[in-house]
Amino acid sequence: MKTFTKRQISISGAVLVLLALYPLAVSGSFAMHLMIMVFLFATLGVAWNIMGGYAGMFSFGQAAFFGIGAYTSSFLFTAYHVNPWIGLLAGGVAAAAAAALIGIPCSNLRGHYFAIASIAFAEIVRIHFNNWKLIGAAEGLTIPMQDESLRNFMFHSSKAPYYYIMLAFLLLSLGVCAWVATSRMGFYLRAIKESHDVAKVLGVDVVRYRMAAIMISAFLTAMVGTFYAQYILYLDPESVLILPISVQIVLVSMLGGAGSVMGPVIGAAILLPISEFTRVKLGFKGSGLDMIIYGTLIMLISVYQPQGVWGILQKIGRKKK
Amino acid sequence: MSAAPLLEVRGLTKRFGGLLANDDVSFTVGQGEIVSVIGPNGAGKSTLFNCVTGFYRPNAGQVLFGGREITRLAADRICKLGIARTFQIVQVITDMTVLENVMTGAFLRSARRSAAREKAEEILRFAGLHEKLDAAATSLTIEGKKRLEVSMALATRPKLLMLDESMAGLNPVELRQMIALLRRVRESGVTLVIVEHVMEAVMELSDRVVVINSGRKIVEGPPKEVVVNPQVIQAYLGDRYRARG
């Protein structure tokens, strides 16, 4: 509600400076990779939050938008040498168009019905891409090596440029989300989340605002998809279009706190290190222990703190006053 | 101004399968009036409300607002034209504060946040909820929530406000306050149509009463005449009762 307090501004300023200096302080690519993945899922979470957290459209199909973004830029590059930055915009537009296509027939679906429809949509996209010869079908696409430069969206000698680009994407999506949250649109989305009827009697064009939320979310998600493709330089349906990615996006947001701007960032900062560490330390044994620890944590959060970590922080903040 | 009525319902009919919920209902509401719609449970009052406000599409008949046909418009379009409503089961946005709830309504006419906030505060002062500005909507009592719902509706700056049982469940003191609030709403230039079971409110507030039974309008007139009308008494109490005197 209120504009930011001085304390909040100074804290976020300090965090930003620390994040900017991080690549200079650490060596070793795992430390860099970890932070890039934190930013990446934080951005995906922020994008999800616009439709899931504010408007109550619980999408379990974000991987479709992520994959469409990754595939659009990669295909345009491998087939037509289109610059990946232009590919990024094209991917965003393609994902938003796909979102509109699926959003119209789903415009009256709420709650778990919407969630089921979103899973179905993402699975249709995955299976289709798995069989689509033009874009490599199940074999996927390999992005050919280029000279390293910002223009080419490709870097070999260091992960630092990827780190800064992903950080910039995160800040951009936070800006979009903060704007949505504090504007008329944010109020309208929260009304829609409460009930379509209550929104309608306040003069809200429910379908239009829902579509806007889905399309913004899809665009931002696709943008991250392009980043991921340029970062990994290889993609196939199993790496960008699968359900676990969609689930991870929802978890990051729910853990941190759905319906708050910073929630997904906190969620990603907690969840990604846990998932990456447990995967590296325990995952190779094939025991699934990493997933057990991971799952237990999620259950504890959902039982004891459904408002997420952001909810805990707010409670502490209120007590201090 | 007095030439065309603000709201005109002509031959409204709504069927749900074999059930005739509204059967050829016609009435008008003039600018500045308070008209009550009463009738036994299941008479079709809420259906009538839903047809007028765009939540149901009537099978036949017309609804005119300020001389303009609005029969098949969507609910949000009707709201934009100037008809606001509340629900029989109170509906507020639960994860918002009182102020945010009213701001959501105010955004219809003020796209800017500061303007919406100003308007919302003005309405909350008007409705006597100003002290609860930053309270969570869920922390209000039933009476508070009803007051909030009326405030949200007023924030859309309606010409016509339709209230579905806003008096139900109130204690006698709260009832007096709600009646007083609705009087102030009328004085501010808003026309009112109310569906109500609480006869104390109906008698005090209404200029005219429309009585509906089994989907049909049976009587229309000033409140004092309507309550002694034999058909009305029959509708509520059955054949064996008659008005005395």
# chains A, B, ... in the order shown; residues from 1 in each chain; ligands from 1
$ interface_residues --of "chain A" --to "chain B" --cutoff "6 Å" --atoms "only C-alpha atoms" --output "ChimeraX atom specification"
/A:187,194,200,202-205
$ write_last_selection --atoms "N, CA, C and O atoms" --output "compact mmCIF listing (two decimals), in the first residue's frame"
# COMPACT_ATOMS: atom_id res chain seq x y z
N PHE A 187 -5.18 -4.04 -8.27
CA PHE A 187 -6.42 -4.08 -7.48
C PHE A 187 -7.45 -4.95 -8.19
O PHE A 187 -8.13 -5.76 -7.56
N GLU A 194 -10.54 -12.93 -5.76
CA GLU A 194 -11.58 -13.13 -4.74
C GLU A 194 -12.80 -13.80 -5.36
O GLU A 194 -13.24 -14.84 -4.88
N LYS A 200 -16.91 -8.11 -11.25
CA LYS A 200 -17.85 -7.59 -12.25
C LYS A 200 -18.69 -6.45 -11.70
O LYS A 200 -18.92 -5.46 -12.39
N LEU A 202 -17.91 -4.35 -9.64
CA LEU A 202 -17.10 -3.14 -9.49
C LEU A 202 -16.68 -2.62 -10.86
O LEU A 202 -15.82 -1.74 -10.97
N GLY A 203 -17.27 -3.18 -11.91
CA GLY A 203 -17.02 -2.67 -13.26
C GLY A 203 -15.79 -3.24 -13.92
O GLY A 203 -15.31 -2.70 -14.91
N VAL A 204 -15.26 -4.35 -13.39
CA VAL A 204 -14.03 -4.92 -13.94
C VAL A 204 -14.36 -5.85 -15.12
O VAL A 204 -15.19 -6.76 -14.98
N ASP A 205 -13.72 -5.61 -16.24
CA ASP A 205 -13.84 -6.51 -17.38
C ASP A 205 -12.93 -7.71 -17.09
O ASP A 205 -11.73 -7.70 -17.36
$ residues_around --residues "segment 169-184 of chain A" --least-positions-apart "6" --cutoff "8 Å" --atoms "only C-alpha atoms" --output "PyMOL selection string"
(chain A and resi 1+39-40+42-43+46-47+50+54+220+224+261-262) or (chain B and resi 104+107+111-113)
$ atom_distance --atom1 "atom CA of Ile142 of chain B" --atom2 "atom CA of Gly128 of chain B"
14.7 Å
$ atom_distance --atom1 "atom CA of Gly87 of chain A" --atom2 "atom CA of Thr72 of chain A"
6.4 Å
$ closest_residue --among "A:Ala120, A:Val280, A:Val38, A:Ile127" --to "Gly267 of chain A" --atoms "only C-alpha atoms"
A:Val38
$ select_by_dssp --residues "segment 19-201 of chain B" --states "alpha helix (DSSP H)" --output "PyMOL selection string"
chain B and resi 45-52+75-81+98-106+113-126+142-155+172-187+199-201
$ residues_around --residues "segment 99-113 of chain A" --least-positions-apart "5" --cutoff "7 Å" --atoms "only C-alpha atoms" --output "PDB file with N, CA and C atoms, in the first residue's frame"
ATOM      1  N   MET A  57      -4.806 -17.228 -10.772  1.00  0.00           N
ATOM      2  CA  MET A  57      -4.808 -18.239 -11.840  1.00  0.00           C
ATOM      3  C   MET A  57      -3.591 -19.130 -11.636  1.00  0.00           C
ATOM      4  N   PHE A  58      -3.830 -20.255 -10.970  1.00  0.00           N
ATOM      5  CA  PHE A  58      -2.736 -21.136 -10.578  1.00  0.00           C
ATOM      6  C   PHE A  58      -2.237 -21.942 -11.763  1.00  0.00           C
ATOM      7  N   VAL A 207     -12.490 -10.837 -18.162  1.00  0.00           N
ATOM      8  CA  VAL A 207     -11.743 -11.556 -19.187  1.00  0.00           C
ATOM      9  C   VAL A 207     -10.537 -10.735 -19.648  1.00  0.00           C
ATOM     10  N   MET A 211      -6.689 -11.889 -19.210  1.00  0.00           N
ATOM     11  CA  MET A 211      -5.849 -12.069 -20.401  1.00  0.00           C
ATOM     12  C   MET A 211      -4.577 -11.243 -20.289  1.00  0.00           C
ATOM     13  N   ILE A 214      -2.156 -12.983 -17.937  1.00  0.00           N
ATOM     14  CA  ILE A 214      -1.548 -14.192 -18.517  1.00  0.00           C
ATOM     15  C   ILE A 214      -0.502 -13.795 -19.561  1.00  0.00           C
ATOM     16  N   MET A 215      -0.821 -12.801 -20.383  1.00  0.00           N
ATOM     17  CA  MET A 215       0.090 -12.447 -21.471  1.00  0.00           C
ATOM     18  C   MET A 215       1.374 -11.790 -20.952  1.00  0.00           C
ATOM     19  N   ALA A 218       3.375 -14.620 -19.525  1.00  0.00           N
ATOM     20  CA  ALA A 218       3.942 -15.463 -20.581  1.00  0.00           C
ATOM     21  C   ALA A 218       5.140 -14.772 -21.241  1.00  0.00           C
TER      22      ALA A 218
END
$ atom_distance --atom1 "atom CA of Glu204 of chain B" --atom2 "atom CA of Val29 of chain B"
17.5 Å
$ select_by_dssp --residues "segment 110-272 of chain A" --states "strand (DSSP E or B)" --output "list in words"
Leu141, Thr142, Ser149, Met154, Tyr234 and Leu235 of chain A
$ closest_residue --among "A:Phe219, A:Phe75, A:Tyr22, A:Phe114" --to "Tyr234 of chain A" --atoms "only C-alpha atoms"
A:Phe75
$ residues_around --residues "segment 130-143 of chain A" --least-positions-apart "4" --cutoff "12 Å" --atoms "only C-alpha atoms" --output "count of residues only"
39
$ residues_around --residues "Thr71 of chain B" --least-positions-apart "6" --cutoff "9 Å" --atoms "only C-alpha atoms" --output "JSON, numbers by chain"
{"B": [51, 52, 53, 54, 57, 58, 61, 62, 63, 64]}
$ closest_residue --among "A:Thr278, A:Val252, A:Leu313, A:Gly92" --to "Ile298 of chain A" --atoms "only C-alpha atoms"
A:Val252
$ closest_residue --among "B:Val210, B:Glu187, B:Leu170, B:Gly32" --to "Phe126 of chain B" --atoms "only C-alpha atoms"
B:Glu187
